[in-house]
2 protein chains.
Amino acid sequence: MDSKKRKKLEAKGWVFGDAADFLSLTPEEARLIDLKLALRASIKEERMKQNITQEELAKAMGSSQSRIAKMERGDPAVSVDLLLRALMALGMSNKQISKIIA
Amino acid sequence: MDSKKRKKLEAKGWVFGDAADFLSLTPEEARLIDLKLALRASIKEERMKQNITQEELAKAMGSSQSRIAKMERGDPAVSVDLLLRALMALGMSNKQISKIIA
DNA sequence: TGACATTATGTCAGATTTGCCATATTCTAA
DNA sequence: TTAGAATATGGCAAATCTGACATAATGTCA
């Protein structure tokens with residue numbers, strides 16, 4: 001809904017943490033943002049741990065390096081679907097993924 | 001990727017279960033479908049339990065009745081994002097949601 | 001320093017997803 | 001049965017998301 005505003009703020013260096021409610025975000029929207037944040041962090045962390053480049057991860061999941069970069073960097077225009085695909089491509093089990101969310 | 005094919009099959013009454021790999025789905029795609037299936041089921045279940053109509057849930061999350069119907073019915077063109085928003089609008093905690101995924 | 005690998009940023013057309021509307025179908029109780 | 005509530009289906013324009021590409025910025029190591 002407020003992706004424009006959000007994008008604008010993030011363009012200026014903002015990073016969203018636990019309380020992203022200074023915009024007119026519904027609680028659900030805020031929760032979803034925080035959830036994405038957690039997923040993104042895990043992707044980067046796991047990729048690093050496996051010593052895989054963004055390029056390699058991209059190929060493994062049929063995406064592109066630039067999208068991975070955006071994903072890890074925090075572009076709001078990245079769906080949960082894509083984040084989950086990345087985690088799965090990294091070999092994460094549902095159990096592991098669920099731990100990130102909880 | 002194969003959403004066309006998938007949609008076509010589902011239009012004919014197919015419902016996807018654990019092994020949706022008879023199409024050329026990557027393992028990640030198949031896992032994502034199964035995950036969506038679980039989320040959808042939980043939404044319907046929880047909505048029923050709370051005695052809420054699709055109309056009411058729709059309003060609570062800023063969507064529409066028809067989309068909720070599609071969501072619960074299994075329209076492949078529903079993002080995980082939307083499913084999560086629904087679960088959140090139903091008052092589910094992250095912990096509860098994570099249990100669905102695991 | 002320079003060459004090279006990796007990651008970041010900007011852009012875009014095509015694909016997907018969205019809310020919404022109309023309407024059909026199914027369900028429920030009198 | 002019939003009315004009315006609830007759900008399902010079809011369709012659409014607008015919004016969002018996507019992979020891809022070019023290119024810039026950053027890191028790394030000799």
# chains A, B, ... in the order shown; residues from 1 in each chain; ligands from 1
>>> closest_atom_pairs(of="chain C", to="chain B", cutoff="10 Å", atoms="only C-alpha atoms (C1' of nucleotides)", output="tab-separated table")
residue	atom	partner	partner_atom	distance
C:DA15	C1'	B:Met1	CA	9.7
C:DT16	C1'	B:Ala77	CA	7.6
C:DT17	C1'	B:Ala77	CA	6.6
C:DT18	C1'	B:Ser63	CA	8.7
C:DG19	C1'	B:Ser63	CA	6.2
C:DC20	C1'	B:Ser64	CA	7.2
C:DC21	C1'	B:Ser66	CA	9.8
>>> write_last_selection(atoms="N, CA, C and O atoms (P, O5', C5', C4', C3', O3' and C1' of nucleotides)", output="tab-separated table (two decimals), in the first residue's frame")
chain	number	residue	atom	x	y	z
C	15	DA	P	5.24	-12.38	-21.35
C	15	DA	O5'	4.97	-12.78	-19.83
C	15	DA	C5'	6.06	-13.25	-19.04
C	15	DA	C4'	5.68	-13.18	-17.58
C	15	DA	C3'	4.33	-13.82	-17.25
C	15	DA	O3'	4.55	-14.84	-16.28
C	15	DA	C1'	4.51	-11.64	-16.28
C	16	DT	P	3.31	-15.71	-15.78
C	16	DT	O5'	3.00	-14.98	-14.40
C	16	DT	C5'	4.07	-14.69	-13.52
C	16	DT	C4'	3.57	-13.88	-12.35
C	16	DT	C3'	2.33	-14.46	-11.66
C	16	DT	O3'	2.63	-14.52	-10.28
C	16	DT	C1'	2.03	-12.16	-12.13
C	17	DT	P	1.62	-15.22	-9.27
C	17	DT	O5'	0.89	-13.96	-8.63
C	17	DT	C5'	1.68	-12.95	-8.03
C	17	DT	C4'	0.80	-11.83	-7.55
C	17	DT	C3'	-0.48	-12.28	-6.82
C	17	DT	O3'	-0.48	-11.66	-5.56
C	17	DT	C1'	-0.99	-10.66	-8.48
C	18	DT	P	-1.69	-11.78	-4.58
C	18	DT	O5'	-2.55	-10.50	-4.91
C	18	DT	C5'	-1.97	-9.22	-4.62
C	18	DT	C4'	-2.92	-8.12	-4.98
C	18	DT	C3'	-4.35	-8.32	-4.50
C	18	DT	O3'	-4.50	-7.68	-3.25
C	18	DT	C1'	-4.29	-7.51	-6.75
C	19	DG	P	-5.78	-7.88	-2.39
C	19	DG	O5'	-6.83	-6.80	-2.91
C	19	DG	C5'	-6.50	-5.42	-2.92
C	19	DG	C4'	-7.55	-4.66	-3.69
C	19	DG	C3'	-8.98	-4.77	-3.15
C	19	DG	O3'	-9.59	-3.50	-3.21
C	19	DG	C1'	-8.92	-5.56	-5.39
C	20	DC	P	-11.07	-3.26	-2.66
C	20	DC	O5'	-12.00	-3.44	-3.94
C	20	DC	C5'	-11.76	-2.66	-5.11
C	20	DC	C4'	-12.60	-3.18	-6.26
C	20	DC	C3'	-14.06	-3.45	-5.91
C	20	DC	O3'	-14.89	-2.57	-6.63
C	20	DC	C1'	-13.14	-5.15	-7.29
C	21	DC	P	-16.36	-2.24	-6.10
C	21	DC	O5'	-17.26	-2.91	-7.23
C	21	DC	C5'	-17.01	-2.59	-8.60
C	21	DC	C4'	-17.49	-3.70	-9.49
C	21	DC	C3'	-18.90	-4.21	-9.18
C	21	DC	O3'	-19.80	-3.73	-10.17
C	21	DC	C1'	-17.37	-5.98	-9.71
>>> closest_atom_pairs(of="chain D", to="chain B", cutoff="9 Å", atoms="only C-alpha atoms (C1' of nucleotides)", output="Markdown table")
| residue | atom | partner | partner_atom | distance |
| --- | --- | --- | --- | --- |
| D:DA6 | C1' | B:Thr53 | CA | 7.4 |
| D:DT7 | C1' | B:Ala69 | CA | 6.8 |
| D:DA8 | C1' | B:Ala69 | CA | 6.7 |
| D:DT9 | C1' | B:Ser66 | CA | 8.7 |
>>> write_last_selection(atoms="C-alpha atoms (C1' of nucleotides)", output="PDB file, in the first residue's frame")
ATOM      1  C1'  DA D   6     -22.497 -17.443   2.234  1.00  0.00           C
ATOM      2  C1'  DT D   7     -19.320 -18.967  -1.054  1.00  0.00           C
ATOM      3  C1'  DA D   8     -17.621 -19.699  -5.853  1.00  0.00           C
ATOM      4  C1'  DT D   9     -16.424 -18.194 -10.549  1.00  0.00           C
TER       5       DT D   9
END
>>> interface_residues(of="chain A", to="chain B", cutoff="12 Å", atoms="only C-alpha atoms", output="ChimeraX atom specification")
/A:1,25-36,38,60-63,77-102
>>> atom_distance(atom1="atom C1' of C:DT11", atom2="atom CA of A:Glu72")
19.2 Å
>>> atom_distance(atom1="atom C1' of D:DT28", atom2="atom C1' of C:DA5")
7.8 Å
>>> atom_distance(atom1="atom CA of A:Leu37", atom2="atom CA of B:Glu56")
29.1 Å
